[in-house]
Amino acid sequence: MIRKLKSGEYRIYSRKVDEKTGKRRNLGTFASKEAAQKHEREIQYFKHH
């Protein structure tokens with residue numbers, strides 16, 4: 001899940017809520033939406049291979 005921050009950067013959050021904190025995990029912050037989408041694809045590939 002990618003969200004735009006007030007600073008203009010994009011952050012990837014985990015899809016599931018963390019049991020301990022009740023929030024989504026921060027999986028990285030990126031300057032552009034394209035970079036965030038690219039990294040999210042890499043994460044999904046890693047999770048399934």
# chains A, B, ... in the order shown; residues from 1 in each chain; ligands from 1
>>> residues_around(residues="range 28-42 of chain A", least_positions_apart="6", cutoff="8 Å", atoms="only C-alpha atoms", output="VMD selection string")
chain A and resid 2 8 to 13
>>> write_last_selection(atoms="N, CA and C atoms", output="tab-separated table (two decimals), in the first residue's frame")
chain	number	residue	atom	x	y	z
A	2	ILE	N	0.71	2.10	-1.00
A	2	ILE	CA	1.54	3.31	-1.11
A	2	ILE	C	0.69	4.51	-0.74
A	8	GLY	N	5.54	15.26	0.39
A	8	GLY	CA	5.59	15.01	-1.04
A	8	GLY	C	6.23	13.68	-1.38
A	9	GLU	N	6.77	12.98	-0.39
A	9	GLU	CA	7.37	11.68	-0.63
A	9	GLU	C	6.30	10.60	-0.57
A	10	TYR	N	6.66	9.41	-1.00
A	10	TYR	CA	5.73	8.28	-1.00
A	10	TYR	C	6.29	7.20	-0.08
A	11	ARG	N	5.40	6.59	0.71
A	11	ARG	CA	5.83	5.56	1.66
A	11	ARG	C	5.03	4.29	1.41
A	12	ILE	N	5.73	3.16	1.48
A	12	ILE	CA	5.08	1.86	1.34
A	12	ILE	C	4.75	1.35	2.75
A	13	TYR	N	3.51	0.95	2.94
A	13	TYR	CA	3.06	0.35	4.20
A	13	TYR	C	2.67	-1.09	3.93
>>> residues_around(residues="Arg15 in chain A", least_positions_apart="6", cutoff="10 Å", atoms="only C-alpha atoms", output="count of residues only")
4
>>> select_by_dssp(residues="chain A", states="helix (DSSP H, G or I)", output="MDAnalysis selection string")
chainID A and resid 33:48
>>> select_by_dssp(residues="chain A", states="strand (DSSP E)", output="list in words")
Ile2, Arg3, Lys4, Tyr10, Arg11, Ile12, Tyr13, Ser14, Arg15, Lys16, Val17, Arg24, Arg25, Asn26, Leu27, Gly28, Thr29 and Phe30 of chain A
>>> write_last_selection(atoms="N, CA and C atoms", output="PDB file, in the first residue's frame")
ATOM      1  N   ILE A   2       0.714   2.097  -0.998  1.00  0.00           N
ATOM      2  CA  ILE A   2       1.539   3.307  -1.114  1.00  0.00           C
ATOM      3  C   ILE A   2       0.693   4.511  -0.741  1.00  0.00           C
ATOM      4  N   ARG A   3       1.238   5.354   0.132  1.00  0.00           N
ATOM      5  CA  ARG A   3       0.552   6.584   0.524  1.00  0.00           C
ATOM      6  C   ARG A   3       1.485   7.762   0.312  1.00  0.00           C
ATOM      7  N   LYS A   4       0.900   8.908  -0.075  1.00  0.00           N
ATOM      8  CA  LYS A   4       1.687  10.124  -0.250  1.00  0.00           C
ATOM      9  C   LYS A   4       1.735  10.868   1.082  1.00  0.00           C
ATOM     10  N   TYR A  10       6.658   9.408  -1.004  1.00  0.00           N
ATOM     11  CA  TYR A  10       5.733   8.283  -0.996  1.00  0.00           C
ATOM     12  C   TYR A  10       6.286   7.204  -0.075  1.00  0.00           C
ATOM     13  N   ARG A  11       5.399   6.589   0.713  1.00  0.00           N
ATOM     14  CA  ARG A  11       5.825   5.557   1.658  1.00  0.00           C
ATOM     15  C   ARG A  11       5.026   4.293   1.413  1.00  0.00           C
ATOM     16  N   ILE A  12       5.731   3.164   1.481  1.00  0.00           N
ATOM     17  CA  ILE A  12       5.076   1.857   1.342  1.00  0.00           C
ATOM     18  C   ILE A  12       4.754   1.346   2.749  1.00  0.00           C
ATOM     19  N   TYR A  13       3.506   0.950   2.939  1.00  0.00           N
ATOM     20  CA  TYR A  13       3.063   0.345   4.197  1.00  0.00           C
ATOM     21  C   TYR A  13       2.671  -1.092   3.925  1.00  0.00           C
ATOM     22  N   SER A  14       2.802  -1.939   4.959  1.00  0.00           N
ATOM     23  CA  SER A  14       2.383  -3.328   4.808  1.00  0.00           C
ATOM     24  C   SER A  14       0.865  -3.375   4.643  1.00  0.00           C
ATOM     25  N   ARG A  15       0.379  -4.434   4.021  1.00  0.00           N
ATOM     26  CA  ARG A  15      -1.059  -4.563   3.787  1.00  0.00           C
ATOM     27  C   ARG A  15      -1.790  -4.936   5.062  1.00  0.00           C
ATOM     28  N   LYS A  16      -1.147  -5.728   5.907  1.00  0.00           N
ATOM     29  CA  LYS A  16      -1.771  -6.160   7.156  1.00  0.00           C
ATOM     30  C   LYS A  16      -1.368  -5.225   8.292  1.00  0.00           C
ATOM     31  N   VAL A  17      -2.238  -5.129   9.291  1.00  0.00           N
ATOM     32  CA  VAL A  17      -1.957  -4.319  10.475  1.00  0.00           C
ATOM     33  C   VAL A  17      -1.088  -5.138  11.417  1.00  0.00           C
ATOM     34  N   ARG A  24       0.094  -0.164  10.519  1.00  0.00           N
ATOM     35  CA  ARG A  24       0.771  -0.833   9.408  1.00  0.00           C
ATOM     36  C   ARG A  24       2.268  -0.566   9.475  1.00  0.00           C
ATOM     37  N   ARG A  25       3.067  -1.557   9.056  1.00  0.00           N
ATOM     38  CA  ARG A  25       4.525  -1.403   9.092  1.00  0.00           C
ATOM     39  C   ARG A  25       5.010  -0.518   7.959  1.00  0.00           C
ATOM     40  N   ASN A  26       5.975   0.342   8.257  1.00  0.00           N
ATOM     41  CA  ASN A  26       6.610   1.178   7.242  1.00  0.00           C
ATOM     42  C   ASN A  26       7.641   0.318   6.513  1.00  0.00           C
ATOM     43  N   LEU A  27       7.472   0.185   5.183  1.00  0.00           N
ATOM     44  CA  LEU A  27       8.383  -0.653   4.402  1.00  0.00           C
ATOM     45  C   LEU A  27       9.298   0.177   3.508  1.00  0.00           C
ATOM     46  N   GLY A  28       9.376   1.477   3.745  1.00  0.00           N
ATOM     47  CA  GLY A  28      10.302   2.304   2.978  1.00  0.00           C
ATOM     48  C   GLY A  28       9.657   3.574   2.470  1.00  0.00           C
ATOM     49  N   THR A  29      10.469   4.629   2.357  1.00  0.00           N
ATOM     50  CA  THR A  29      10.019   5.933   1.877  1.00  0.00           C
ATOM     51  C   THR A  29      10.796   6.285   0.620  1.00  0.00           C
ATOM     52  N   PHE A  30      10.097   6.812  -0.388  1.00  0.00           N
ATOM     53  CA  PHE A  30      10.719   7.081  -1.685  1.00  0.00           C
ATOM     54  C   PHE A  30      10.336   8.463  -2.184  1.00  0.00           C
TER      55      PHE A  30
END
